[in-house]
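Asks: Could you have a look at this structure, given as structure tokens, before my questions?
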Amino acid sequence: MTPKSPIRRSHWLTALSAALLLAGGCVSSQPDKDEQPPERSFDESTAFLLLDAAAAEAVDGLPDFPGFERRTMMRLECTHDGETDEEYVNLELSYEFSETVSEDPLVRETYLDLLRTKWEESGYDIHRDQPSGTGKHHSLEARRPDGVNYWYRVVDLVVLKVQSGCIKATGGFPDCPVPLGGVTRENDQANSYCNDVDTVYPGEETTSEAVAPFQGPGTAPVPFQATPASRQDFDGPPDYEGLL
Amino acid sequence: MAVSYSGLVEADFDALASVGDTWKTLADTLESEAGTIEDLKRSDEASLGADHWEGEAAEAGHARLREIVIGVDDRAASARRVWASIVDAAEAFKSCRSDLESLIAEAPSRGVAVSDSGAVTPRDGVPTDTDQAALMRSDIDQVLDRATEADEALKVAVGIWAETFSEAERLTVIGDAADEAEALQELVDSGASPEQVGDWWAGLSEAERLGILEGSPELVADLDGIPTDTRDSANRDLLDAELDRFDPTLDAEIADLESQLAELEAAADDGRMDSSAEIYDLAQQLQDLRTEQERRDSLLGLQDAITGHASTGQDYYLLGYDSAGDGKAIVSVGNPDTADNTAVYVPGTTADLDGFGGEIARAETMAVDAREMASGEETAVIAWLDYDAPDQVMISAEDENEVDSGAGFMSHAEEAGPVLAQFTQGLEATHTEGGAHTTVVGHSYGTTVVGHSASEYGLETDKIIAVASPGLDTAHASDLGIGAENVFVSTAEGDAIRMTTDDYGWSEYVFDSITGNEDPPDAEGDGAYAWHGQTNPLHDDYGAVQFASDATDKHGNESTSGTDIHSGYWAEENIARDNMAYIITDQTEEVTPAAGYES
């Protein structure tokens with residue numbers, strides 16, 4: 001690398017600073033209120049239900065629907081001027097078909113065509129309809145008027161993603177809606193962002209017994225009973241006397 | 001206790017496997033219960049949420065619930081370790097019995113007989129077979145010794161992970177490994193390579209490894225060449241211990257000082273008293289405590305970020321952290337030791353421990369995308385911040401200290417270069433199959449770190465991705481040592497980082513018009529200049545593969561804000577996500593090239 005003189009570097013850094021300021025791109029830890037994302041009709045507390053309903057709307061009427069295998073949720077940061085804006089979050093709900101189903105032309109081609117038609121007829125903004133380099137994969141994206149974005153991603157797996165865009169972070173999560181397409185509790189990776197205590201998943205219509213390890217004959221050591229210093233704080237909760 | 005001949009022959013491995021399954025079920029149940037407890041306070045509407053419970057008691061209760069969730073999650077991880085240890089032991093036992101059965105089958109041809117109790121005698125009392133009998137006895141003993149070692153390892157693993165050992169037994173395990181811990185320290189001090197460390201570690205017994213981990217976690221926590229799961233355990237223990245050392249009354253002390261300070265300042269404003277010296281002292285104390293509070297909160301944030309599972313279903317692994325200064329951390333989504341593909345993501349300017357959750361989220365996004373692109377393979381993605389990233393893009397030329405922390409200088413990359421190179425060597429050393437398909441991904445100044453590290457120290461990687469680069473500290477992609485065809489670069493139109501190169505048409509205009517600059521760096525006007533290196537990575541002369549990315553902000557919206565575009569490569573809808581996933585999963589033929597791409 002050719003060494004550059006500190007003086008010249010400082011000169012250019014100062015110039016860059018000035019240019020960025022002029023370009024309205026200054027880095028600030030305090031986001032400009034005028035440049036916040038536009039007001040949305042929903043926030044984090046209701047987004048899960050809304051995105052799930054949007055997914056249901058998308059798959060409604062698809063012929064010979066084979067069901068989904070997995071549901072996931074990503075909670076992504078929102079940034080502004082290069083800084084994380086903790087007042088906003090970006091949720092991405094995904095429904096995956098199984099590996100076997102993902103090989104079926106029904107979901108790779110037929111559903112792709114049907115969703116394109118459906119979203120066109122709904123007046124949604126189809127802003128991406130693009131094959132990959134060899135044409136083996138395809139991405140179809142459409143945005144609804146409320147800002148919710150659909151992404152039908154035909155890659156190795158076929159996945160329907162529903163994205164919120166940046167919405168107000170509230171920290172409020174709803175009860176988990178029963179997943180679409182027969183996703184089981186074990187395959188619901190979205191339940192970190194909703195309360196699944198009362199959700200009845202497919203196959204859970206009857207109550208199952210709690211697991212009771214080591215309940216058989218014979219003596220086994222009871223785990224987690226030792227109390228080395230680093231573990232001592234796992235005893236029962238402290239007395240809240242005086243606080244309540 | 002030594003495993004006997006008859007014990008090995010008659011052992012019921014199905015029963016052992018069943019016990020292992022029980023531990024796995026326990027781990028699953030504990031994880032599920034941790035989620036259930038978390039649900040109690042997850043939202044305002046939850047039964048213990050803000051809508052139903054607020055005030056000091058609520059704050060204390062929520063803090064306690066958090067501790068319980070993390071404690072239950074820790075125990076889930078421990079139960080999973082027990083399960084893994086049982087699986088390993090069962091495999092070892094089966095291997096030993098198989099070898100024993102082979103020896104028994106060989107006995108007639110070797111002229112010896114083996115009794116039900118394992119006694120070996122010359123067949124039919126033939127005197128000439130005496131030597132063969134001794135040899136056979138020795139072979140059998142070796143198999144039994146291996147089985148005994150596996151049995152001892154299992155005993156220690158269960159004792160440590162399930163905490164069934166008494167404190168005396170635990171200290172014995174630690175004491176028994178004291179010599180090995182000392183030897184490891186000497187190995188590290190001698191400058192051993194990750195491969196040498198890995199080989200040395202593999203030569204220890206499981207009991208010795210657990211003894212070092214239990215007694216000297218700081219020795220292995222960030223040591224390249226040590227297996228990922230061991231580093232994760234060590235770092236989590238160290239993180240727990242560091243958090244325990246914070247004063248539990250820290251928040252109350254800060255509130256108290258703030259109150260005192262407000263009173264003194266009010267009194268001084270009213271002219272009731274001259275307390276400027278006292279105000280100064282209190283303000284200093286308050287500042288120190290707030291610094292301590294920020295450090296604690298950063299560590300709590302890190303701990304929260306690695307609790308539970310990633311949305312891919314993969315575990316998080318804490319491969320290192322340091323709370324000093326701006327802080328450092330290495331977190332992997334998925335286990336790189338067993339992954340088919342591994343990506344190492346190196347963030348750039350402003351990255352620090354406080355905001356590391358965002359870096360993990362980017363790693364997780366890449367893991368999700370890779371999983372969908374190559375569902376039959378496992379991809380681990382590591383957020384690597386084992387360097388002091390620049391605090392600022394822009395700096396004040398008047399303040400020399402600030403100048404040193406800016407992204408315009410190489411000092412941060414020079415510090416990071418050997419560390420990153422050694423880390424990738426460590427990944428190679430600890431991989432169970434001898435190495436995954438590896439990609440190092442740099443963003444912004446992170447690309448400068450990657451380029452410097454690759455060119456000066458050599459990265460153990462198959463591919464390099466440079467997103468939004470101000471230069472890779474090299475004149476040509478082939479200088480990175482992996483072949484120019486394996487270097488992939490992208491910078492979206494309008495990204496402010498283009499102002500650090502001369503491929504952005506208006507930047508020269510702005511620079512020159514503002515500064516009256518008479519000495520533009522791109523004196524030849526060929527668009528090849530870069531801040532860091534002799535060539536703009538986007539210039540054809542650099543020789544890298546250019547892939548498409550969209551000018552979207554982090555919201556996924558099309559943007560004209562240069563700084564927002566700079567952060568938007570992992571946003572929803574950005575084609576860069578697809579392209580990076582294709583590269584990480586070695587499907588480069590599917591990558592959409594930058595040429596001809598219209599966003």
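Residues in the structure tokens are named by chain (A, B, ... in the order shown) and by number from 1 within that chain; ligands are numbered from 1 in the order shown.
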Name all residues at most 7 Å from stretch 135-143 of chain A (count only C-alpha atoms; drop same-chain ones fewer than 4 positions away) and give them as a PyMOL selection string.

Replies: chain A and resi 119+124-131+147-155

Asks: Which polymer residues have any atom within 12 Å of an atom of B:Asp586, counting only C-alpha atoms, with same-chain residues fewer than 4 positions away left out, as a PyMOL selection string?

Replies: chain B and resi 340-343+370+373-374+377+379+436-439+462-464+486+579-582+590-591

Asks: Produce a file of the selected residues containing N, CA, C and O atoms, as a PDB file, in the first residue's frame.

Replies:
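Written out: selection36.pdb:
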```pdb
ATOM      1  N   ASP B 340     -21.138 -27.319   7.367  1.00  0.00           N
ATOM      2  CA  ASP B 340     -20.667 -27.521   5.993  1.00  0.00           C
ATOM      3  C   ASP B 340     -20.113 -26.212   5.432  1.00  0.00           C
ATOM      4  O   ASP B 340     -19.154 -26.217   4.657  1.00  0.00           O
ATOM      5  N   ASN B 341     -20.769 -25.128   5.795  1.00  0.00           N
ATOM      6  CA  ASN B 341     -20.330 -23.800   5.357  1.00  0.00           C
ATOM      7  C   ASN B 341     -20.173 -22.911   6.583  1.00  0.00           C
ATOM      8  O   ASN B 341     -20.996 -22.969   7.504  1.00  0.00           O
ATOM      9  N   THR B 342     -19.158 -22.105   6.576  1.00  0.00           N
ATOM     10  CA  THR B 342     -18.970 -21.142   7.670  1.00  0.00           C
ATOM     11  C   THR B 342     -18.702 -19.774   7.068  1.00  0.00           C
ATOM     12  O   THR B 342     -17.924 -19.644   6.107  1.00  0.00           O
ATOM     13  N   ALA B 343     -19.359 -18.772   7.629  1.00  0.00           N
ATOM     14  CA  ALA B 343     -19.080 -17.394   7.235  1.00  0.00           C
ATOM     15  C   ALA B 343     -18.635 -16.622   8.464  1.00  0.00           C
ATOM     16  O   ALA B 343     -19.178 -16.810   9.556  1.00  0.00           O
ATOM     17  N   ALA B 370     -28.793 -18.631   4.127  1.00  0.00           N
ATOM     18  CA  ALA B 370     -27.989 -19.780   3.689  1.00  0.00           C
ATOM     19  C   ALA B 370     -28.761 -21.078   3.877  1.00  0.00           C
ATOM     20  O   ALA B 370     -28.693 -21.981   3.045  1.00  0.00           O
ATOM     21  N   MET B 373     -31.121 -21.390   1.082  1.00  0.00           N
ATOM     22  CA  MET B 373     -30.420 -21.615  -0.191  1.00  0.00           C
ATOM     23  C   MET B 373     -29.836 -23.021  -0.300  1.00  0.00           C
ATOM     24  O   MET B 373     -29.663 -23.546  -1.395  1.00  0.00           O
ATOM     25  N   ALA B 374     -29.484 -23.592   0.848  1.00  0.00           N
ATOM     26  CA  ALA B 374     -28.858 -24.924   0.858  1.00  0.00           C
ATOM     27  C   ALA B 374     -29.386 -25.681   2.070  1.00  0.00           C
ATOM     28  O   ALA B 374     -28.711 -25.809   3.085  1.00  0.00           O
ATOM     29  N   GLU B 377     -27.596 -28.564   3.988  1.00  0.00           N
ATOM     30  CA  GLU B 377     -26.293 -28.284   4.588  1.00  0.00           C
ATOM     31  C   GLU B 377     -26.475 -27.399   5.807  1.00  0.00           C
ATOM     32  O   GLU B 377     -27.456 -26.678   5.911  1.00  0.00           O
ATOM     33  N   THR B 379     -25.026 -24.235   7.831  1.00  0.00           N
ATOM     34  CA  THR B 379     -24.154 -23.061   7.687  1.00  0.00           C
ATOM     35  C   THR B 379     -24.074 -22.333   9.023  1.00  0.00           C
ATOM     36  O   THR B 379     -25.101 -21.970   9.595  1.00  0.00           O
ATOM     37  N   ALA B 436     -14.495 -26.427   6.731  1.00  0.00           N
ATOM     38  CA  ALA B 436     -15.738 -26.189   6.005  1.00  0.00           C
ATOM     39  C   ALA B 436     -15.448 -25.314   4.795  1.00  0.00           C
ATOM     40  O   ALA B 436     -14.334 -24.821   4.625  1.00  0.00           O
ATOM     41  N   HIS B 437     -16.467 -25.135   3.955  1.00  0.00           N
ATOM     42  CA  HIS B 437     -16.367 -24.104   2.928  1.00  0.00           C
ATOM     43  C   HIS B 437     -16.532 -22.774   3.660  1.00  0.00           C
ATOM     44  O   HIS B 437     -17.566 -22.507   4.271  1.00  0.00           O
ATOM     45  N   THR B 438     -15.489 -21.961   3.626  1.00  0.00           N
ATOM     46  CA  THR B 438     -15.465 -20.766   4.473  1.00  0.00           C
ATOM     47  C   THR B 438     -15.464 -19.490   3.644  1.00  0.00           C
ATOM     48  O   THR B 438     -14.795 -19.403   2.605  1.00  0.00           O
ATOM     49  N   THR B 439     -16.225 -18.513   4.131  1.00  0.00           N
ATOM     50  CA  THR B 439     -16.280 -17.196   3.500  1.00  0.00           C
ATOM     51  C   THR B 439     -16.090 -16.134   4.570  1.00  0.00           C
ATOM     52  O   THR B 439     -16.739 -16.195   5.616  1.00  0.00           O
ATOM     53  N   ASP B 462     -12.095 -19.725   1.736  1.00  0.00           N
ATOM     54  CA  ASP B 462     -12.264 -20.036   0.320  1.00  0.00           C
ATOM     55  C   ASP B 462     -12.696 -18.807  -0.467  1.00  0.00           C
ATOM     56  O   ASP B 462     -12.364 -18.682  -1.639  1.00  0.00           O
ATOM     57  N   LYS B 463     -13.473 -17.966   0.199  1.00  0.00           N
ATOM     58  CA  LYS B 463     -14.001 -16.792  -0.501  1.00  0.00           C
ATOM     59  C   LYS B 463     -13.979 -15.576   0.424  1.00  0.00           C
ATOM     60  O   LYS B 463     -13.972 -15.708   1.648  1.00  0.00           O
ATOM     61  N   ILE B 464     -13.986 -14.423  -0.200  1.00  0.00           N
ATOM     62  CA  ILE B 464     -14.077 -13.158   0.530  1.00  0.00           C
ATOM     63  C   ILE B 464     -15.198 -12.342  -0.103  1.00  0.00           C
ATOM     64  O   ILE B 464     -15.302 -12.259  -1.335  1.00  0.00           O
ATOM     65  N   ASN B 486     -12.362 -15.558  -6.492  1.00  0.00           N
ATOM     66  CA  ASN B 486     -13.044 -15.872  -5.233  1.00  0.00           C
ATOM     67  C   ASN B 486     -13.260 -14.639  -4.358  1.00  0.00           C
ATOM     68  O   ASN B 486     -13.612 -14.759  -3.187  1.00  0.00           O
ATOM     69  N   ASN B 579     -27.385 -12.752  -2.914  1.00  0.00           N
ATOM     70  CA  ASN B 579     -26.056 -12.958  -3.487  1.00  0.00           C
ATOM     71  C   ASN B 579     -25.048 -13.427  -2.442  1.00  0.00           C
ATOM     72  O   ASN B 579     -24.234 -14.312  -2.703  1.00  0.00           O
ATOM     73  N   MET B 580     -25.095 -12.828  -1.267  1.00  0.00           N
ATOM     74  CA  MET B 580     -24.168 -13.271  -0.214  1.00  0.00           C
ATOM     75  C   MET B 580     -24.451 -14.723   0.173  1.00  0.00           C
ATOM     76  O   MET B 580     -23.523 -15.505   0.404  1.00  0.00           O
ATOM     77  N   ALA B 581     -25.728 -15.079   0.222  1.00  0.00           N
ATOM     78  CA  ALA B 581     -26.070 -16.462   0.576  1.00  0.00           C
ATOM     79  C   ALA B 581     -25.562 -17.445  -0.479  1.00  0.00           C
ATOM     80  O   ALA B 581     -25.085 -18.540  -0.152  1.00  0.00           O
ATOM     81  N   TYR B 582     -25.673 -17.063  -1.753  1.00  0.00           N
ATOM     82  CA  TYR B 582     -25.167 -17.935  -2.816  1.00  0.00           C
ATOM     83  C   TYR B 582     -23.653 -18.132  -2.683  1.00  0.00           C
ATOM     84  O   TYR B 582     -23.130 -19.229  -2.879  1.00  0.00           O
ATOM     85  N   GLU B 590     -25.214 -18.765  -9.299  1.00  0.00           N
ATOM     86  CA  GLU B 590     -26.530 -18.147  -9.162  1.00  0.00           C
ATOM     87  C   GLU B 590     -26.455 -16.656  -8.822  1.00  0.00           C
ATOM     88  O   GLU B 590     -27.476 -15.969  -8.755  1.00  0.00           O
ATOM     89  N   VAL B 591     -25.263 -16.178  -8.572  1.00  0.00           N
ATOM     90  CA  VAL B 591     -25.099 -14.773  -8.173  1.00  0.00           C
ATOM     91  C   VAL B 591     -25.507 -13.836  -9.306  1.00  0.00           C
ATOM     92  O   VAL B 591     -25.165 -14.069 -10.465  1.00  0.00           O
TER      93      VAL B 591
END
```

Asks: I need the residue nearest chain B from this list: A:Leu114, A:Glu204, A:Cys176, A:Glu57. Use only C-alpha atoms for the distance.

Replies: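 Using only C-alpha atoms, the shortest distance to chain B belongs to A:Cys176.
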
Asks: Excluding stretch 38-47 of chain A and residues on its chain fewer than 2 positions from it, collect all residues at most 8 Å away from it, counting only C-alpha atoms, and give them as a ChimeraX atom specification.

Replies: /A:36,49-51,89,91,146-147,164,167-174

Asks: Have a look at atom CA of A:Glu99 and atom CA of B:Gly376 and let me know their distance in Å, one decimal.

Replies: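 Rounded to one decimal, the two atoms are 8.3 Å apart.
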
Asks: Can you work out which one of B:Ala329, B:Ile497, B:Leu289, B:Ile104 has the shortest atom-to-atom distance to chain A, counting only C-alpha atoms?

Replies: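 Looking only at the distances to chain A, the closest residue turns out to be B:Ile497.
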
Asks: Which residue out of A:Asp156, A:Glu69, A:Glu186, A:Asp52 has the minimum interatomic distance to chain B when only C-alpha atoms are used?

Replies: A:Asp156

Asks: Would you give me, as number ranges by chain, the residues in stretch 30-223 of chain A that DSSP reads as helix (DSSP H, G or I)?

Replies: A: 33-35, 44-59, 99-102, 105-121, 180-182, 191-193

Asks: Go through B:Thr25, B:Leu213, B:Asp281, B:Gln142 one by one, measure the shortest atom-to-atom distance of each to B:Arg170 using only C-alpha atoms, and give the residue with the smallest value.

Replies: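 Looking at the shortest contact to B:Arg170, the residue is B:Leu213.
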